[in-house]
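Novice: My file is work05.cif. It has mmCIF, C-alpha atoms:
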```cif
data_model
#
loop_
_atom_site.label_atom_id
_atom_site.label_comp_id
_atom_site.auth_asym_id
_atom_site.auth_seq_id
_atom_site.Cartn_x
_atom_site.Cartn_y
_atom_site.Cartn_z
CA MET A 252 -14.57 -0.30 -69.58
CA MET A 253 -12.57 2.77 -68.66
CA ILE A 254 -13.97 2.59 -65.15
CA SER A 255 -12.96 -1.04 -64.95
CA ASN A 256 -9.39 -0.22 -66.04
CA ILE A 257 -9.17 2.58 -63.51
CA ASN A 258 -10.34 0.25 -60.76
CA ILE A 259 -7.76 -2.34 -61.74
CA LEU A 260 -4.96 0.21 -61.87
CA THR A 261 -6.05 1.71 -58.56
CA SER A 262 -6.20 -1.71 -56.99
CA ARG A 263 -2.73 -2.56 -58.28
CA TYR A 264 -1.44 0.79 -57.02
CA HIS A 265 -2.79 0.08 -53.53
CA ILE A 266 -1.18 -3.34 -53.58
CA ILE A 267 2.18 -1.83 -54.57
CA VAL A 268 1.89 0.85 -51.87
CA GLN A 269 0.96 -1.71 -49.24
CA ILE A 270 3.94 -3.88 -50.20
CA CYS A 271 6.26 -0.84 -49.99
CA VAL A 272 4.91 0.10 -46.57
CA LEU A 273 5.34 -3.48 -45.39
CA LEU A 274 8.92 -3.64 -46.68
CA THR A 275 9.72 -0.28 -45.10
CA THR A 276 8.32 -1.50 -41.79
CA LEU A 277 10.31 -4.73 -42.02
CA LEU A 278 13.49 -2.82 -42.88
CA GLN A 279 12.98 -0.47 -39.96
CA SER A 280 12.33 -3.45 -37.72
CA ALA A 281 15.51 -5.09 -38.99
CA ARG A 282 17.45 -1.90 -38.38
CA THR A 283 16.05 -1.79 -34.87
CA GLN A 284 17.29 -5.31 -34.24
CA LEU A 285 20.75 -4.37 -35.53
CA CYS A 286 21.13 -1.62 -32.93
CA SER A 287 23.49 -2.46 -30.09
CA LYS A 288 22.14 -3.20 -26.64
CA GLY A 289 21.30 0.01 -24.84
CA TYR A 290 20.32 1.71 -28.12
CA TYR A 291 17.03 2.06 -29.97
CA TYR A 292 16.15 2.89 -33.58
CA GLU A 293 14.79 6.42 -34.05
CA ASN A 294 12.59 6.49 -37.17
CA THR A 295 12.67 10.27 -37.58
CA VAL A 296 16.45 10.38 -38.04
CA GLU A 297 16.92 6.74 -39.14
CA GLN A 298 19.70 6.21 -36.63
CA CYS A 299 20.43 4.14 -33.57
CA LYS A 300 20.30 6.38 -30.53
CA SER A 301 21.42 5.76 -26.99
CA SER A 302 18.71 5.03 -24.45
CA ASP A 303 18.46 7.52 -21.59
CA PRO A 304 18.90 5.45 -18.40
CA SER A 305 17.05 8.11 -16.41
CA GLN A 306 13.88 7.22 -18.31
CA CYS A 307 14.09 3.53 -17.43
CA LEU A 308 12.72 1.82 -14.36
CA THR A 309 15.74 -0.40 -13.88
CA CYS A 310 19.33 0.79 -13.75
CA PRO A 311 22.09 -0.34 -16.20
CA GLN A 312 23.05 -4.00 -16.14
CA ASP A 313 26.20 -5.89 -16.99
CA LYS A 314 26.61 -8.46 -19.76
CA ASN A 315 25.27 -11.20 -17.48
CA ASP A 316 22.04 -9.22 -16.97
CA GLN A 317 22.84 -8.68 -13.32
CA ALA A 318 21.73 -5.36 -11.87
CA LEU A 319 24.73 -3.23 -10.95
CA VAL A 320 22.95 -0.54 -8.97
CA TYR A 321 19.73 0.41 -7.20
CA ARG A 322 17.19 2.89 -8.52
CA ASN A 323 16.83 5.56 -5.82
CA LEU A 324 13.13 6.42 -5.81
CA LYS A 325 13.75 9.70 -3.96
CA ASP A 326 15.77 11.39 -6.73
CA TRP A 327 15.69 8.78 -9.54
CA THR A 328 19.45 8.32 -9.58
CA CYS A 329 21.24 4.99 -9.88
CA VAL A 330 23.43 4.12 -6.89
CA GLU A 331 25.58 1.15 -5.92
CA GLN A 332 24.48 1.46 -2.29
CA CYS A 333 21.28 3.00 -0.98
CA PRO A 334 21.63 6.27 1.01
CA LEU A 335 21.28 6.06 4.78
CA ASP A 336 17.79 7.60 4.71
CA THR A 337 16.52 4.86 2.38
CA LEU A 338 16.19 1.08 2.54
CA PRO A 339 17.35 -1.38 -0.18
CA ILE A 340 14.72 -3.67 -1.70
CA SER A 341 14.93 -6.21 -4.53
CA VAL A 342 11.75 -7.84 -5.80
CA THR A 343 10.89 -10.28 -8.55
CA HIS A 344 8.78 -8.83 -11.36
CA HIS A 345 8.04 -10.98 -14.40
CA GLU A 346 7.40 -8.04 -16.77
CA LEU A 347 11.04 -6.87 -16.59
CA ASP A 348 13.73 -8.37 -18.83
CA SER A 349 15.95 -9.09 -15.84
CA GLY A 350 13.00 -10.28 -13.76
CA LEU A 351 14.35 -8.19 -10.87
CA PHE A 352 13.70 -4.65 -9.67
CA SER A 353 16.23 -3.24 -7.18
CA TYR A 354 15.42 0.11 -5.60
CA CYS A 355 16.00 2.38 -2.61
CA ARG A 356 12.82 3.05 -0.65
CA GLY A 357 12.39 6.13 1.51
CA LYS A 358 10.44 5.79 4.74
CA SER A 359 7.37 7.63 3.41
CA TYR A 360 4.69 6.15 1.18
CA TYR A 361 2.09 8.03 -0.87
CA VAL A 362 -1.29 6.62 -1.87
CA ASP A 363 -3.60 8.41 -4.30
CA PRO A 364 -6.24 6.38 -6.18
CA SER A 365 -7.14 9.43 -8.28
CA SER A 366 -3.62 9.97 -9.65
CA SER A 367 -3.71 10.33 -13.44
CA LEU A 368 -0.10 11.39 -14.05
CA SER A 369 0.96 7.85 -14.85
CA ASN A 370 -0.12 4.25 -14.55
CA ILE A 371 3.24 3.46 -12.96
CA GLU A 372 2.92 2.99 -9.18
CA LEU A 373 6.00 3.34 -6.99
CA GLY A 374 4.55 4.71 -3.76
CA THR A 375 6.27 8.09 -4.26
CA ILE A 376 4.60 11.49 -4.39
CA GLU A 377 5.16 11.64 -8.17
CA TYR A 378 4.07 8.04 -8.79
CA PRO A 379 1.84 7.10 -5.83
CA PHE A 380 0.34 3.72 -5.10
CA LYS A 381 -3.37 3.57 -5.88
CA GLN A 382 -4.33 0.83 -3.43
CA LEU A 383 -4.12 1.04 0.36
CA ASP A 384 -2.74 -2.46 0.85
CA ASP A 385 0.35 -1.90 -1.34
CA PRO A 386 2.54 -0.17 1.29
CA PHE A 387 1.42 -2.65 3.96
CA ARG A 388 2.40 -5.66 1.85
CA GLU A 389 5.77 -4.15 0.98
CA ILE A 390 6.57 -3.23 4.58
CA PHE A 391 5.55 -6.68 5.83
CA ASN A 392 7.35 -8.68 3.13
CA GLN A 393 10.49 -6.59 2.60
CA LEU A 394 11.11 -4.40 5.65
CA SER A 395 9.42 -5.75 8.79
CA TRP A 396 12.57 -7.47 10.05
CA LEU A 397 14.26 -4.03 10.32
CA GLY A 398 11.87 -2.66 12.97
CA GLU A 399 11.69 0.70 11.17
CA GLU A 400 9.27 3.63 11.36
CA PHE A 401 7.18 4.62 8.30
CA ILE A 402 4.60 7.21 7.31
CA ILE A 403 1.82 6.32 4.87
CA TYR A 404 0.33 9.47 3.34
CA LEU A 405 -3.17 9.27 1.87
CA ARG A 406 -4.22 11.96 -0.59
CA GLN A 407 -6.59 14.42 1.12
CA GLY A 408 -10.14 13.92 -0.12
CA SER A 409 -9.30 10.57 -1.71
CA ASN A 410 -11.60 7.56 -1.43
CA LEU A 411 -9.81 4.35 -0.51
CA THR A 412 -11.06 0.89 0.44
CA ILE A 413 -10.11 -1.68 3.06
CA HIS A 414 -11.19 -5.06 1.68
CA SER A 415 -11.46 -6.66 5.13
CA GLU A 416 -10.68 -10.39 5.18
CA GLN A 417 -10.17 -10.45 1.38
CA MET A 418 -7.07 -8.25 1.73
CA PRO A 419 -6.37 -7.15 5.33
CA LEU A 420 -3.74 -4.54 6.18
CA VAL A 421 -1.13 -6.42 8.23
CA LEU A 422 1.78 -4.95 10.19
CA ALA A 423 4.55 -6.75 12.07
CA ASN A 424 7.50 -5.41 14.07
CA SER A 425 7.04 -1.89 12.67
CA LYS A 426 5.89 1.59 13.64
CA VAL A 427 3.51 3.20 11.15
CA THR A 428 1.66 6.51 10.98
CA ILE A 429 -1.22 7.00 8.52
CA ARG A 430 -2.30 10.56 7.72
CA PRO A 431 -3.47 12.70 4.76
CA TYR A 432 -1.40 14.92 2.50
CA TYR A 433 -2.23 17.64 0.01
CA VAL A 434 -0.24 18.52 -3.12
CA TYR A 435 -0.39 21.99 -4.62
CA GLN A 436 -0.84 21.96 -8.38
CA LYS A 437 1.96 24.49 -9.00
CA GLN A 438 4.57 23.18 -6.59
CA SER A 439 5.39 19.98 -4.78
CA GLN A 440 4.70 21.29 -1.31
CA ILE A 441 3.09 19.00 1.24
CA ILE A 442 0.81 20.31 3.97
CA GLN A 443 -1.42 18.51 6.41
CA GLU A 444 -5.08 18.63 5.44
CA LEU A 445 -8.36 17.07 6.64
CA TYR A 446 -9.58 14.29 5.74
CA ALA A 447 -8.80 11.21 3.68
CA LYS A 448 -11.75 8.82 3.35
CA VAL A 449 -11.51 5.08 3.89
CA MET A 450 -14.45 2.79 3.20
CA ILE A 451 -14.53 -0.71 4.67
CA SER A 452 -16.00 -3.43 2.47
CA SER A 453 -16.37 -7.18 2.87
CA GLY A 454 -16.76 -7.63 -0.89
CA SER A 455 -14.24 -9.19 -3.26
CA TYR A 456 -10.78 -7.69 -3.67
CA THR A 457 -10.41 -5.83 -6.96
CA ARG A 458 -7.86 -3.40 -8.34
CA LYS A 459 -7.20 -1.50 -11.55
CA LEU A 460 -4.53 -2.71 -13.94
CA SER A 461 -1.11 -1.13 -13.57
CA ASN A 462 1.78 -0.67 -16.00
CA PHE A 463 4.22 -1.29 -13.15
CA ASN A 464 4.01 -1.78 -9.40
CA PRO A 465 6.81 -3.43 -7.35
CA THR A 466 4.25 -5.08 -5.03
CA LEU A 467 2.74 -6.97 -7.97
CA ILE A 468 4.19 -10.09 -9.56
CA ARG A 469 2.93 -9.03 -12.99
CA ASN A 470 1.26 -5.92 -14.35
CA ASN A 471 -2.17 -7.29 -13.62
CA GLN A 472 -3.94 -8.19 -10.40
CA SER A 473 -1.35 -10.81 -9.30
CA VAL A 474 -0.27 -9.27 -6.00
CA GLN A 475 2.67 -10.40 -3.92
CA ALA A 476 0.77 -11.86 -0.98
CA TYR A 477 1.90 -11.57 2.64
CA ASN A 478 4.83 -13.94 3.11
CA TYR A 479 3.92 -15.26 6.54
CA GLN A 480 6.30 -18.22 6.35
CA ASN A 481 9.31 -15.96 5.85
CA ALA A 482 8.21 -13.82 8.81
CA ILE A 483 7.89 -16.95 10.97
CA THR A 484 11.37 -18.12 9.91
CA ARG A 485 12.84 -14.73 10.84
CA GLY A 486 11.10 -14.85 14.21
CA ILE A 487 9.00 -11.75 13.44
CA ILE A 488 5.61 -13.41 14.02
CA SER A 489 4.41 -16.58 15.68
CA ALA A 490 3.02 -19.55 13.79
CA GLN A 491 -0.29 -19.00 15.60
CA PHE A 492 -0.58 -15.49 14.16
CA HIS A 493 -0.37 -16.93 10.66
CA GLN A 494 -3.41 -19.11 11.32
CA VAL A 495 -5.83 -16.52 12.74
CA THR A 496 -8.49 -14.98 10.53
CA LYS A 497 -7.55 -11.38 9.82
CA TYR A 498 -9.99 -8.53 9.22
CA LYS A 499 -9.27 -4.92 8.25
CA ILE A 500 -6.10 -3.75 10.08
CA VAL A 501 -4.14 -6.34 12.07
CA THR A 502 -0.93 -5.64 13.98
CA TYR A 503 1.65 -7.91 15.57
CA ASN A 504 4.18 -6.28 17.90
CA SER A 505 3.64 -2.95 16.11
CA ASP A 506 2.78 0.69 16.79
CA LEU A 507 0.07 2.30 14.69
CA MET A 508 -1.06 5.93 14.69
CA ILE A 509 -3.94 7.07 12.47
CA MET A 510 -4.74 10.77 12.09
CA ASP A 511 -7.40 12.74 10.21
CA ILE A 512 -9.06 9.78 8.50
CA GLN A 513 -12.79 9.36 7.96
CA PHE A 514 -13.86 5.72 8.27
CA SER A 515 -17.18 4.33 7.04
CA GLU A 516 -18.31 0.71 6.93
CA LEU A 517 -20.71 -0.81 4.43
CA GLY A 518 -20.89 -4.59 4.27
CA TYR A 519 -19.30 -6.54 7.10
CA VAL A 520 -18.91 -9.99 8.61
CA ASP A 521 -20.60 -10.20 12.01
CA GLN A 522 -17.69 -11.61 14.00
CA ILE A 523 -16.57 -10.35 17.40
CA ALA A 524 -12.94 -10.21 16.19
CA ASN A 525 -13.91 -8.05 13.20
CA SER A 526 -12.67 -4.77 14.66
CA LEU A 527 -11.14 -1.92 12.68
CA VAL A 528 -7.79 -2.65 14.38
CA PHE A 529 -6.92 -5.92 16.10
CA ALA A 530 -3.62 -5.91 18.02
CA TYR A 531 -1.67 -9.10 18.73
CA TYR A 532 1.34 -9.35 21.04
CA ALA A 533 1.72 -5.65 21.79
CA PRO A 534 2.74 -5.32 25.46
CA TYR A 535 4.59 -2.02 24.98
CA ARG A 536 3.07 -0.94 21.67
CA TRP A 537 0.45 1.75 21.00
CA ILE A 538 -2.65 1.88 18.80
CA HIS A 539 -3.52 5.57 18.57
CA PHE A 540 -6.38 7.36 16.76
CA LYS A 541 -6.42 11.16 16.65
CA ASN A 542 -8.96 13.50 15.04
CA CYS A 543 -10.71 10.74 13.10
CA GLN A 544 -14.36 10.20 12.20
CA PHE A 545 -16.04 6.82 12.61
CA ASN A 546 -19.27 5.54 11.08
CA LEU A 547 -18.81 1.83 11.75
CA LYS A 548 -20.83 -1.34 12.26
CA GLN A 549 -18.15 -3.23 14.17
CA MET A 550 -15.91 -2.00 17.00
CA ILE A 551 -12.92 0.31 16.59
CA PHE A 552 -10.33 -1.66 18.55
CA MET A 553 -9.83 -5.11 20.03
CA THR A 554 -7.03 -7.06 21.65
CA THR A 555 -6.96 -10.35 23.52
CA GLU A 556 -3.24 -10.22 24.30
CA GLY A 557 -2.87 -6.70 25.68
CA ALA A 558 -1.83 -3.36 24.17
CA ASN A 559 -1.81 0.38 24.83
CA PHE A 560 -4.73 2.21 23.22
CA LYS A 561 -5.57 5.90 22.79
CA LEU A 562 -8.59 7.50 21.13
CA GLU A 563 -8.66 11.30 21.18
CA GLN A 564 -10.31 14.31 19.54
CA SER A 565 -12.44 12.08 17.33
CA SER A 566 -16.13 11.82 16.39
CA ILE A 567 -17.88 8.48 16.83
CA ASP A 568 -21.36 7.73 15.48
CA LEU A 569 -22.90 5.23 17.94
CA THR A 570 -26.02 4.53 15.87
CA SER A 571 -24.89 1.23 14.35
CA ILE A 572 -21.63 0.38 16.09
CA SER A 573 -21.46 -2.95 17.92
CA ARG A 574 -19.03 -1.74 20.60
CA LEU A 575 -16.38 0.94 21.04
CA LEU A 576 -13.57 -1.39 22.12
CA SER A 577 -12.78 -4.74 23.72
CA HIS A 578 -9.57 -5.05 25.72
CA SER A 579 -8.22 -8.11 27.50
CA SER A 580 -4.70 -9.23 28.25
CA ILE A 581 -2.53 -12.29 28.74
CA ASN A 582 -1.81 -13.07 32.38
CA ASN A 583 1.92 -12.57 32.06
CA CYS A 584 3.38 -10.26 34.70
CA LEU A 585 6.78 -10.15 33.00
CA LEU A 586 5.21 -8.65 29.87
CA TYR A 587 2.23 -6.74 31.18
CA GLY A 588 2.94 -6.14 34.86
CA GLN A 589 4.99 -2.95 34.48
CA GLU A 590 2.96 0.03 35.62
CA ASN A 591 2.45 2.89 33.13
CA VAL A 592 4.16 0.88 30.38
CA SER A 593 1.54 -1.62 29.23
CA ASN A 594 -2.27 -1.90 29.04
CA ASN A 595 -2.90 1.85 29.21
CA ILE A 596 -6.25 2.99 27.80
CA PHE A 597 -6.93 6.69 27.12
CA ILE A 598 -10.28 7.93 25.77
CA GLU A 599 -10.01 11.71 25.75
CA ASN A 600 -11.93 14.68 24.33
CA ASN A 601 -14.09 12.76 21.88
CA ASN A 602 -17.54 13.50 20.49
CA PHE A 603 -20.04 10.64 20.78
CA PHE A 604 -23.39 11.03 19.03
CA GLY A 605 -26.33 8.95 17.78
CA GLN A 606 -28.70 6.55 19.52
CA ASN A 607 -27.92 2.86 19.52
CA THR A 608 -31.18 0.92 19.92
CA GLY A 609 -29.93 -2.51 20.83
CA ILE A 610 -27.80 -3.09 17.73
CA GLY A 611 -24.56 -3.36 19.68
CA TYR A 612 -23.36 -5.66 22.43
CA GLN A 613 -24.51 -5.21 26.02
CA HIS A 614 -21.49 -3.08 26.96
CA LEU A 615 -20.14 -0.21 24.88
CA ILE A 616 -16.67 -0.68 26.40
CA TYR A 617 -15.43 -4.08 27.57
CA ILE A 618 -12.20 -4.28 29.58
CA SER A 619 -10.87 -7.26 31.51
CA SER A 620 -7.54 -8.08 33.18
CA GLN A 621 -5.22 -5.45 34.60
CA SER A 622 -5.48 -2.06 32.87
CA ASN A 623 -4.93 1.64 33.51
CA ILE A 624 -7.96 3.58 32.22
CA THR A 625 -8.41 7.31 31.63
CA PHE A 626 -11.76 8.56 30.30
CA THR A 627 -12.30 12.32 29.91
#
```
Re-express the file's structure as structure tokens.
Specialist:
Amino acid sequence: MMISNINILTSRYHIIVQICVLLTTLLQSARTQLCSKGYYYENTVEQCKSSDPSQCLTCPQDKNDQALVYRNLKDWTCVEQCPLDTLPISVTHHELDSGLFSYCRGKSYYVDPSSSLSNIELGTIEYPFKQLDDPFREIFNQLSWLGEEFIIYLRQGSNLTIHSEQMPLVLANSKVTIRPYYVYQKQSQIIQELYAKVMISSGSYTRKLSNFNPTLIRNNQSVQAYNYQNAITRGIISAQFHQVTKYKIVTYNSDLMIMDIQFSELGYVDQIANSLVFAYYAPYRWIHFKNCQFNLKQMIFMTTEGANFKLEQSSIDLTSISRLLSHSSINNCLLYGQENVSNNIFIENNNFFGQNTGIGYQHLIYISSQSNITFT
């Protein structure tokens, strides 16, 4: 009987405690709601405290919820106008109260899939992107009409993936360099280092969840796709370019330099246009590889409309590659008839190794139309 009474009293005590905890929680919640906008309720001191704007993604807003200033990603300040060495961008993001993120982007991007500092991805050295297509989609959608020059830094030793036709890397009206970077643990000093690793896959496009990424519509896998229609309207690309099937890296009227990257290819689609880089409309543009390593199934470079191409100081495994390059040009003397300006091909100081036993096409290098060729 005594045990029974104790159990009843204990049970009642737990009920009373639970009710008190619930009421305390509700009161604290009510107090939180009573705090003015821009303040939050601090339980430890039981007071409303001012939010620190420097800890927020977005900058202060007015009473109409309109952003007053841009978040400068280079120094995390809030500015009314972006500095000259940055570019203003405003994107829709459904996870933000305002639905809009306005920021100043520097001309360097950082990609590190192994970053564990935060699950916020901004493409900066402190908060790098974790997917290789993120800087490409932002440049194409937000900045390609400016004709600017960018550097995309890949963390040295990192393992990244090109998802081929599932998520190609597309450039238009831009000049981009891709190279590795290394970050010391004790100081934010950047030095050039060999190599970053890029694997090419024809499998489905997947990505890890993110707490925030301006190239996503929501904090899940809903990416902001390439806005081809807007680029057509601005006159950046042709309507025909929108329709072509795109694999891996595809450029339109763009320069691309890739340094110190190790490429390997697993699954692939056996299509002649499935080259690592395919250049469209590039009469005076350059596709340039330097000090790279290639273990590919499909060719390194292809164009059917003409471009300048340079491959130097690189190692190429010929065992399974279909062809080194395929180069042909449009018969347009106004665009491609200027000597030493267009259709230059330089293959210099490379290391070719491996035995290709009939896997590739009949010719290792295929060149048609007018071209200037240097092979050393």
Novice: Produce a table with one row for each residue of stretch 421-507 of chain A that has an atom at most 12 Å from any atom of stretch 341-361 of chain A, each row naming the nearest atom pair and its distance in Å at one decimal; use all atoms listed in the file; arrange rows by chain and rising residue number; format as a Markdown table.
Specialist:
```
| residue | atom | partner | partner_atom | distance |
| --- | --- | --- | --- | --- |
| A:Ser425 | CA | A:Lys358 | CA | 11.6 |
| A:Lys426 | CA | A:Lys358 | CA | 10.8 |
| A:Val427 | CA | A:Ser359 | CA | 9.7 |
| A:Thr428 | CA | A:Ser359 | CA | 9.5 |
| A:Ile429 | CA | A:Tyr360 | CA | 9.5 |
| A:Arg430 | CA | A:Tyr361 | CA | 10.0 |
| A:Pro431 | CA | A:Tyr361 | CA | 9.2 |
| A:Tyr432 | CA | A:Tyr361 | CA | 8.4 |
| A:Tyr433 | CA | A:Tyr361 | CA | 10.6 |
| A:Val434 | CA | A:Tyr361 | CA | 11.0 |
| A:Ile441 | CA | A:Tyr361 | CA | 11.2 |
| A:Ser461 | CA | A:Glu346 | CA | 11.4 |
| A:Asn462 | CA | A:Glu346 | CA | 9.3 |
| A:Phe463 | CA | A:Glu346 | CA | 8.3 |
| A:Asn464 | CA | A:His344 | CA | 8.7 |
| A:Pro465 | CA | A:Val342 | CA | 6.8 |
| A:Thr466 | CA | A:Val342 | CA | 8.0 |
| A:Leu467 | CA | A:His344 | CA | 7.2 |
| A:Ile468 | CA | A:His344 | CA | 5.1 |
| A:Arg469 | CA | A:His345 | CA | 5.6 |
| A:Asn470 | CA | A:Glu346 | CA | 6.9 |
| A:Asn471 | CA | A:Glu346 | CA | 10.1 |
| A:Ser473 | CA | A:His344 | CA | 10.5 |
| A:Val474 | CA | A:His344 | CA | 10.5 |
| A:Gln475 | CA | A:Thr343 | CA | 9.4 |
```
Novice: Rounded to one decimal in Å, what is the spacing between atom CA of A:Leu383 and atom CA of A:Phe492?
Specialist: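 Atom CA of A:Leu383 sits 21.8 Å away from atom CA of A:Phe492.
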Novice: Can you give me, as an MDAnalysis selection string, the residues this file yields under the PyMOL selection byres ((chain A and resi 604-617) around 9)?
Specialist: chainID A and resid 548:549 566:579 602:603 618:619
Novice: Go ahead and dump the residues you just picked, C-alpha atoms, as a short mmCIF file (atom, residue, chain, number, x, y, z; two decimals), keeping the file's coordinate frame.
Specialist:
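Written output follows (out_8.cif):
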```cif
data_model
loop_
_atom_site.label_atom_id
_atom_site.label_comp_id
_atom_site.auth_asym_id
_atom_site.auth_seq_id
_atom_site.Cartn_x
_atom_site.Cartn_y
_atom_site.Cartn_z
CA LYS A 548 -20.83 -1.34 12.26
CA GLN A 549 -18.15 -3.23 14.17
CA SER A 566 -16.13 11.82 16.39
CA ILE A 567 -17.88 8.48 16.83
CA ASP A 568 -21.36 7.73 15.48
CA LEU A 569 -22.90 5.23 17.94
CA THR A 570 -26.02 4.53 15.87
CA SER A 571 -24.89 1.23 14.35
CA ILE A 572 -21.63 0.38 16.09
CA SER A 573 -21.46 -2.95 17.92
CA ARG A 574 -19.03 -1.74 20.60
CA LEU A 575 -16.38 0.94 21.04
CA LEU A 576 -13.57 -1.39 22.12
CA SER A 577 -12.78 -4.74 23.72
CA HIS A 578 -9.57 -5.05 25.72
CA SER A 579 -8.22 -8.11 27.50
CA ASN A 602 -17.54 13.50 20.49
CA PHE A 603 -20.04 10.64 20.78
CA ILE A 618 -12.20 -4.28 29.58
CA SER A 619 -10.87 -7.26 31.51
#
```
Novice: List the spatial neighbours of A:Asn481 as a PDB file with C-alpha atoms, keeping the file's coordinate frame - criterion: any atom at most 12 Å away, all atoms listed in the file, same-chain residues fewer than 6 positions off excluded.
Specialist:
```pdb
ATOM      1  CA  PHE A 391       5.550  -6.680   5.830  1.00  0.00           C
ATOM      2  CA  ASN A 392       7.350  -8.680   3.130  1.00  0.00           C
ATOM      3  CA  GLN A 393      10.490  -6.590   2.600  1.00  0.00           C
ATOM      4  CA  LEU A 394      11.110  -4.400   5.650  1.00  0.00           C
ATOM      5  CA  SER A 395       9.420  -5.750   8.790  1.00  0.00           C
ATOM      6  CA  TRP A 396      12.570  -7.470  10.050  1.00  0.00           C
ATOM      7  CA  ILE A 487       9.000 -11.750  13.440  1.00  0.00           C
ATOM      8  CA  ILE A 488       5.610 -13.410  14.020  1.00  0.00           C
ATOM      9  CA  SER A 489       4.410 -16.580  15.680  1.00  0.00           C
ATOM     10  CA  ALA A 490       3.020 -19.550  13.790  1.00  0.00           C
ATOM     11  CA  HIS A 493      -0.370 -16.930  10.660  1.00  0.00           C
TER      12      HIS A 493
END
```
Novice: Using the chain letters and numbers from this file, what does the PyMOL selection byres ((chain A and resi 524-530) around 9) select? Give the answer as a ChimeraX atom specification.
Specialist: /A:415-416,451,496-505,519-523,531-533,538,547,549-558,576
